[in-house]
Amino acid sequence: MKYIIIGASAAGLACAEQIRKEDKNGEITVITKEKYLPYSRPSISYFLKGAVKESGIYLRKSSYYEASGIDIVTGTQVRSIDRKAKTVKAGRKTYSYDKLCLCTGSKPFIPPMENVSGKINALTFLDLESAGIIKKTADKKTRAVVIGGGLIGMKAAEGLSKICRSVDVVELSPRILPSILDEKSAKSVKKYIEEKGHIKFHLGQTVTRAGSEGNRITSVTLKDGKELPCDLLILAVGVRPETELAEKAGLEVNRGIVTDPGTMQTSDENIYAAGDCAVSVDMLDGSRRVIALWPNAVNQGIAAGSQMSGGDIRITSSYPVNAIDFYGLRICTCGLINVQDKKYTDKIIRSGSSYKRLIFEGSRLVGYVLINSSANAGIYTSLIETKTDLKTLEGDLSGTPDPFIFGKAERNKRMKGALDL
Amino acid sequence: MKRIYAIEELCLNCRLCEVYCKSAHSQSKDIIKANKYEEPAPVSRVTVYGDNFLSAALNCRHCDDPKCVKACITGAMTKDKKTGIVYVNEDKCIGCMTCLAVCPYGCIKEGKKAVKCDLCRNDDEPACVKNCPNHALIYAEPGGEEK
């Protein structure tokens with residue numbers, strides 16, 4: 001069997017490794033347009049601020065791939081897929097496949113702004129290459145402006161605040177981190193980041209145009225007319241699934257690549273898709289959307305790899321779960337957190353700098369936001385994933401969850417692996 | 001593989017397991033220094049939950065298919081192929097705590113890096129088991145299939 005995987009991040013690597021587990025002899029080729037072996041994309045902000053060296057960012061040792069019989073072709077962009085001939089074209093080469101998996105991830109979404117395109121100091125922050133360029137050019141004199149106050153923009157801003165003279169964040173939404181925080185918690189997180197990182201926020205704002213000298217941006221103008229001096233502009237408004245190859249090949253695409261939610265098979269039986277380019281079905285509300293988070297990408301990669309090599313691992317549960325920190329402030333979120341419908345209720349527990357919001361649907365937990373209160377968060381996550389009826393629990397959820405919230409049978413399973421000791 | 005099992009019927013809530021775990025994972029390996037003076041203070045990887053009426057010491061299950069390993073965004077969390085031990089490579093860990101957010105048992109502790117039980121890798125028997133006064137923790141490889 002010949003397997004081709006396009007893309008070498010979370011989903012691509014997980015897919016390749018799962019294939020190798022289930023098919024010891026198949027030929028596995030992973031093709032990536034990036035010039036690096038698989039690395040931790042979320043770590044690029046840690047690389048930027050100097051907490052991780054470039055050598056420490058790789059997910060596996062370089063000798064691992066040869067030892068595992070996984071061929072990683074770097075710096076190579078796949079141009080097209082020929083579904084009839086079962087080949088992909090990359091550079092001057094044509095690779096044939098029996099099973100193909102698209103793990104093409106996301107591409108940056110850049111809103112229209114006057115005089116920004118093509119400027120050498122306007123950069124996205126999505127890969128190690130861009131992080132490397134930013135690290136080389138930014139210094140104590142740099143006044144950086146980050147457009148986008150989401151996860152990527154805020155992580156870029158945190159990294160930059162350690163190396164730049166000033167950092168301004170421009171965000172369209174009235175609050176920061178809109179995908180993981182609710183209104184109340186966003187306010188306190190913003191205050192904390194302003195104090196710790198000396199970052200200035202411009203919320204409810206967009207950049208309309210940039211002033212420049214030659215091919216360098218020197219300032220940006222906001223919607224309200226305010227002008228900010230700018231030596232480095234980071235474009236982190238958002239991402240869109242990278243579906244161009246799939247679309248050109250005539251696969252079904254609806255925002256992301258459409259797959260069978262259990263097997264990750266696309267509308268072509270020999271082609272699979274996994275990770276940020278593929279549509280997930282959120283088990284908590286049934287919505288079809290891209291869940292662009294690492295654990296989800298890995299699970300999809302594993303399922304796709306298993307199915308491609310004749311195994312039977314399926315996706316049984318997809319939901320968002322995320323952990324992140326800003327200047328030591330820990331934020332852990334899972335499930336449905338920005339829901340309006342009356343069928344959801346919530347409970348907020350505050351004490352000192354910690355904030356805990358639990359979201360319920362009837363007697364089930366369906367989401368949480370934990371700020372500086374993430375101890376044992378995974379127990380909440382497991383209650384969400386297993387759709388546990390909270391009425392069957394013996395303890396209360398407001399404190400730090402522990403094994404004694406469960407009844408004896410479940411506790412026995414957790415402590416003794418259900419063994420009769 | 002050998003795993004640690006907790007028996008709530010025998011646990012005294014004395015927390016000696018935590019004391020010895022800290023010591024075993026300290027720089028000094030000295031029980032007094034580790035528990036009283038060392039900076040940064042070592043974190044116990046085992047935690048006793050419950051009260052004097054009913055308690056148990058919870059430790060990493062070293063799962064066969066660990067969620068923490070799959071969720072790790074840096075490749076720092078791995079399951080050793082030979083020993084089955086799930087451990088953190090501290091050079092690679094960035095302390096994001098995604099592992100903590102997915103561990104269904106609540107066995108990963110917060111720190112600058114993720115902190116968890118490594119079954120006292122270099123010793124025959126983990127410190128918590130060795131020093132439990134009432135055999136409420138046992139280290140065993142049960143026969144037959146594990147459930």
# chains A, B, ... in the order shown; residues from 1 in each chain; ligands from 1

call {"tool": "select_by_dssp", "arguments": {"residues": "range 52-286 of chain A", "states": "alpha helix (DSSP H)", "output": "JSON, numbers by chain"}}
result
{"A": [62, 63, 64, 65, 66, 67, 68, 128, 129, 130, 131, 132, 133, 134, 135, 136, 137, 151, 152, 153, 154, 155, 156, 157, 158, 159, 160, 161, 183, 184, 185, 186, 187, 188, 189, 190, 191, 192, 193, 194, 195, 196, 197, 244, 245, 246, 247, 248]}

call {"tool": "interface_residues", "arguments": {"of": "chain A", "to": "chain B", "cutoff": "7 Å", "atoms": "only C-alpha atoms", "output": "ChimeraX atom specification"}}
result
/A:40,42,56-57,59-60,294-295,298,322-325,332,376-379,381-382,402,404,414-418

call {"tool": "write_last_selection", "arguments": {"atoms": "N, CA, C and O atoms", "output": "compact mmCIF listing (two decimals), in the first residue's frame"}}
result
# COMPACT_ATOMS: atom_id res chain seq x y z
N SER A 40 6.02 21.87 16.69
CA SER A 40 4.87 22.30 17.48
C SER A 40 4.46 23.71 17.07
O SER A 40 5.07 24.68 17.49
N PRO A 42 1.88 25.53 17.95
CA PRO A 42 1.53 26.44 19.03
C PRO A 42 2.75 26.97 19.79
O PRO A 42 2.64 27.95 20.52
N GLY A 56 14.32 22.80 20.11
CA GLY A 56 13.39 22.16 21.03
C GLY A 56 11.96 22.15 20.55
O GLY A 56 11.06 21.67 21.22
N ILE A 57 11.72 22.67 19.35
CA ILE A 57 10.36 22.86 18.89
C ILE A 57 9.84 21.66 18.09
O ILE A 57 8.65 21.52 17.86
N LEU A 59 8.61 17.99 17.07
CA LEU A 59 7.76 17.03 17.79
C LEU A 59 8.46 15.69 18.00
O LEU A 59 8.19 14.98 18.97
N ARG A 60 9.33 15.31 17.07
CA ARG A 60 10.07 14.04 17.19
C ARG A 60 11.53 14.31 16.84
O ARG A 60 11.83 15.26 16.13
N TRP A 294 -5.62 21.52 18.62
CA TRP A 294 -4.66 20.43 18.52
C TRP A 294 -5.24 19.03 18.86
O TRP A 294 -5.10 18.10 18.05
N PRO A 295 -5.85 18.85 20.02
CA PRO A 295 -6.32 17.50 20.36
C PRO A 295 -7.30 16.94 19.34
O PRO A 295 -7.28 15.75 19.01
N VAL A 298 -5.35 15.77 16.25
CA VAL A 298 -4.66 14.50 16.47
C VAL A 298 -5.66 13.33 16.42
O VAL A 298 -5.42 12.32 15.77
N ASN A 322 -9.26 23.42 25.21
CA ASN A 322 -8.08 24.25 25.00
C ASN A 322 -7.49 24.71 26.34
O ASN A 322 -8.22 24.99 27.28
N ALA A 323 -6.18 24.75 26.41
CA ALA A 323 -5.51 25.29 27.60
C ALA A 323 -4.45 26.25 27.11
O ALA A 323 -3.75 25.97 26.14
N ILE A 324 -4.37 27.40 27.75
CA ILE A 324 -3.42 28.41 27.30
C ILE A 324 -3.05 29.27 28.51
O ILE A 324 -3.79 29.32 29.49
N ASP A 325 -1.90 29.91 28.45
CA ASP A 325 -1.58 30.82 29.55
C ASP A 325 -1.04 32.13 29.00
O ASP A 325 -0.43 32.16 27.93
N CYS A 332 -8.36 27.68 30.87
CA CYS A 332 -8.73 26.36 30.37
C CYS A 332 -10.18 26.42 29.95
O CYS A 332 -11.02 26.88 30.73
N ASN A 376 -7.33 19.69 38.00
CA ASN A 376 -8.16 18.52 37.65
C ASN A 376 -9.24 18.82 36.60
O ASN A 376 -10.28 18.16 36.58
N ALA A 377 -8.98 19.81 35.76
CA ALA A 377 -9.96 20.19 34.72
C ALA A 377 -10.39 19.00 33.88
O ALA A 377 -11.51 18.92 33.40
N GLY A 378 -9.47 18.04 33.71
CA GLY A 378 -9.78 16.88 32.87
C GLY A 378 -10.95 16.05 33.38
O GLY A 378 -11.62 15.37 32.61
N ILE A 379 -11.21 16.12 34.69
CA ILE A 379 -12.37 15.40 35.22
C ILE A 379 -13.65 16.04 34.68
O ILE A 379 -14.57 15.35 34.24
N THR A 381 -13.75 17.64 31.85
CA THR A 381 -13.75 17.29 30.43
C THR A 381 -14.34 15.90 30.23
O THR A 381 -15.12 15.67 29.31
N SER A 382 -13.97 14.96 31.12
CA SER A 382 -14.49 13.60 30.95
C SER A 382 -15.99 13.54 31.22
O SER A 382 -16.71 12.76 30.59
N ASP A 402 -12.71 15.82 42.13
CA ASP A 402 -11.81 14.73 42.51
C ASP A 402 -12.57 13.40 42.42
O ASP A 402 -13.78 13.39 42.16
N PHE A 404 -13.83 11.54 44.47
CA PHE A 404 -14.94 11.33 45.39
C PHE A 404 -16.23 12.00 44.95
O PHE A 404 -17.23 11.92 45.64
N ARG A 414 -11.67 3.97 38.67
CA ARG A 414 -10.64 4.99 38.51
C ARG A 414 -9.40 4.72 39.35
O ARG A 414 -8.29 5.00 38.95
N MET A 415 -9.59 4.19 40.53
CA MET A 415 -8.46 3.98 41.45
C MET A 415 -7.81 2.62 41.27
O MET A 415 -6.62 2.46 41.45
N LYS A 416 -8.62 1.61 41.00
CA LYS A 416 -8.08 0.25 40.98
C LYS A 416 -8.19 -0.39 39.60
O LYS A 416 -7.99 -1.59 39.47
N GLY A 417 -8.55 0.40 38.60
CA GLY A 417 -8.72 -0.18 37.28
C GLY A 417 -9.76 -1.28 37.29
O GLY A 417 -9.67 -2.26 36.55
N ALA A 418 -10.76 -1.16 38.18
CA ALA A 418 -11.84 -2.13 38.34
C ALA A 418 -11.33 -3.52 38.71
O ALA A 418 -12.02 -4.52 38.54

call {"tool": "atom_distance", "arguments": {"atom1": "CA of His135 in chain B", "atom2": "CA of His62 in chain B"}}
result
20.3 Å

call {"tool": "residues_around", "arguments": {"residues": "range 17-28 of chain B", "least_positions_apart": "6", "cutoff": "6 Å", "atoms": "only C-alpha atoms", "output": "PyMOL selection string"}}
result
chain B and resi 34+42-44+46+127-128

call {"tool": "select_by_dssp", "arguments": {"residues": "range 63-253 of chain A", "states": "strand (DSSP E)", "output": "PyMOL selection string"}}
result
chain A and resi 70-73+78-82+87-90+93-96+99-102+106-109+122-124+143-147+166-171+199-203+207-213+216-222+227-229+232-235+238-241+253
